[in-house]
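Structure below is protein03.tsv: TSV, C-alpha atoms.
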```tsv
chain	number	residue	atom	x	y	z
A	1	MET	CA	-1.40	201.85	294.55
A	2	THR	CA	-1.50	200.82	298.20
A	3	GLY	CA	-4.41	199.62	300.23
A	4	PRO	CA	-5.53	201.02	303.57
A	5	THR	CA	-4.20	197.99	305.46
A	6	ASN	CA	-1.10	197.42	303.33
A	7	ASN	CA	1.54	200.13	303.07
A	8	ALA	CA	3.72	198.13	300.67
A	9	PRO	CA	3.23	199.09	297.03
A	10	ARG	CA	2.44	196.35	294.54
A	11	ARG	CA	5.38	194.99	292.61
A	12	TYR	CA	3.17	193.79	289.76
A	13	PHE	CA	1.34	195.58	286.98
A	14	VAL	CA	-1.20	194.30	284.48
A	15	ASP	CA	0.10	194.40	280.92
A	16	ALA	CA	-1.88	195.12	277.74
A	17	GLY	CA	-2.72	191.41	277.46
A	18	GLY	CA	-4.21	191.36	280.97
A	19	ARG	CA	-1.30	189.39	282.46
A	20	ARG	CA	0.10	190.15	285.90
A	21	VAL	CA	3.79	190.99	285.40
A	22	LEU	CA	6.56	191.90	287.84
A	23	ILE	CA	7.89	195.42	287.24
A	24	GLY	CA	11.01	195.23	285.08
A	25	LEU	CA	10.38	191.70	283.81
A	26	THR	CA	8.63	190.35	280.75
A	27	PRO	CA	5.59	188.09	281.18
A	28	GLU	CA	7.81	185.11	280.36
A	29	GLU	CA	10.43	186.16	282.91
A	30	THR	CA	7.72	186.69	285.53
A	31	PHE	CA	6.43	183.16	284.94
A	32	GLU	CA	9.97	181.77	285.12
A	33	PHE	CA	10.75	183.71	288.31
A	34	GLU	CA	7.56	182.57	290.04
A	35	ARG	CA	8.22	178.97	289.00
A	36	LEU	CA	11.78	179.11	290.35
A	37	ASP	CA	10.70	181.01	293.48
A	38	GLY	CA	8.12	178.34	294.26
A	39	LYS	CA	10.78	175.68	294.66
A	40	GLN	CA	11.77	174.99	298.25
A	41	GLY	CA	14.96	176.83	299.17
A	42	LEU	CA	17.83	177.71	296.94
A	43	GLY	CA	19.72	174.51	297.53
A	44	PRO	CA	23.08	174.20	299.20
A	45	VAL	CA	25.73	176.73	298.31
A	46	GLN	CA	29.31	175.54	298.39
A	47	THR	CA	32.37	177.74	298.70
A	48	ALA	CA	35.04	177.39	296.05
A	49	SER	CA	38.70	177.19	297.02
A	50	GLY	CA	39.14	180.88	296.13
A	51	GLY	CA	36.44	181.86	298.63
A	52	SER	CA	33.74	182.64	296.08
A	53	ASP	CA	30.31	181.01	296.22
A	54	VAL	CA	29.44	178.25	293.76
A	55	TRP	CA	25.73	177.78	293.10
A	56	ALA	CA	24.70	174.14	293.50
A	57	ASP	CA	21.63	174.76	291.35
A	58	ALA	CA	21.57	176.74	288.10
A	59	GLY	CA	17.90	177.55	288.82
A	60	ALA	CA	18.89	179.38	291.97
A	61	GLN	CA	21.33	181.52	290.00
A	62	ARG	CA	18.68	182.32	287.38
A	63	ARG	CA	16.15	183.20	290.10
A	64	LEU	CA	18.67	185.62	291.60
A	65	GLU	CA	19.34	187.21	288.17
A	66	LEU	CA	15.63	187.75	287.60
A	67	TYR	CA	15.13	189.08	291.13
A	68	GLU	CA	17.97	191.58	290.73
A	69	LYS	CA	16.55	192.77	287.39
A	70	HIS	CA	13.11	193.22	288.98
A	71	GLU	CA	14.49	194.86	292.13
A	72	GLY	CA	16.48	197.43	290.14
A	73	ALA	CA	13.47	198.34	288.00
A	74	TRP	CA	11.21	198.48	291.06
A	75	LYS	CA	13.57	200.82	292.92
A	76	ALA	CA	13.75	203.11	289.88
A	77	TRP	CA	9.95	203.06	289.60
A	78	MET	CA	9.59	203.91	293.31
A	79	ALA	CA	12.05	206.82	293.02
A	80	GLN	CA	10.17	208.17	290.00
A	81	SER	CA	6.84	207.83	291.83
A	82	ARG	CA	8.20	209.72	294.85
A	83	ALA	CA	9.56	212.50	292.61
A	84	GLU	CA	6.21	212.84	290.83
A	85	ARG	CA	4.38	213.06	294.16
A	86	ARG	CA	6.76	215.80	295.36
A	87	GLU	CA	6.23	217.78	292.15
A	88	GLY	CA	2.47	217.53	292.53
A	89	PHE	CA	2.51	218.67	296.17
A	90	LYS	CA	2.55	222.45	296.46
A	91	LEU	CA	2.21	224.61	299.56
A	92	TYR	CA	0.74	228.00	298.79
```

Structure translated into structure tokens:
Amino acid sequence: MTGPTNNAPRRYFVDAGGRRVLIGLTPEETFEFERLDGKQGLGPVQTASGGSDVWADAGAQRRLELYEKHEGAWKAWMAQSRAERREGFKLY
């Protein structure tokens, strides 16, 4: 799961079709996220009169939606992994 020089776990898995997919996303969503993430910056964000943010670019909003979906699934996966490691660790 982690390498000797990298303590951060991978956020990707390889699906049954051999595609590298972000945890919590479909292969199509992973492709879309990476495409949107590769664009420079999120673009300017303007503040609406009510004080809420207005996204200048719909792509930036979609990227954030996909990131939040992935992040939630990744956190759940990490919690499950930690719980499984604790269950497997016994002191006798």

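Minimum distance to A:Gly59 across A:Arg82, A:Arg11, A:Lys75, A:Arg35 (counting only C-alpha atoms) occurs at A:Arg35.
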
Proximity to A:Thr26 - best of A:Arg10, A:Lys39, A:Arg63, A:Lys69, only C-alpha atoms: A:Lys69

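Put simply, atom CA of A:Tyr12 is 15.3 Å away from atom CA of A:Asp37.
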
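Comparing A:Met78, A:Val21, A:Ala16, A:Glu34 by their smallest distance to A:Ala60, the closest is A:Glu34 (using all atoms listed in the file).
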
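Take atom CA of A:Arg19 and atom CA of A:Gly72: the distance between them is 21.0 Å.
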
Which centre and which edge lengths, in Å to one decimal, describe the axis-aligned box that holds all listed atoms of stretch 8-25 of chain A after 4 Å is added on each side, as JSON?
```
{"center_x": 3.4, "center_y": 194.2, "center_z": 289.1, "size_x": 23.2, "size_y": 17.7, "size_z": 31.2}
```

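Between atom CA of A:Gly18 and atom CA of A:Arg85 the separation is 26.8 Å.
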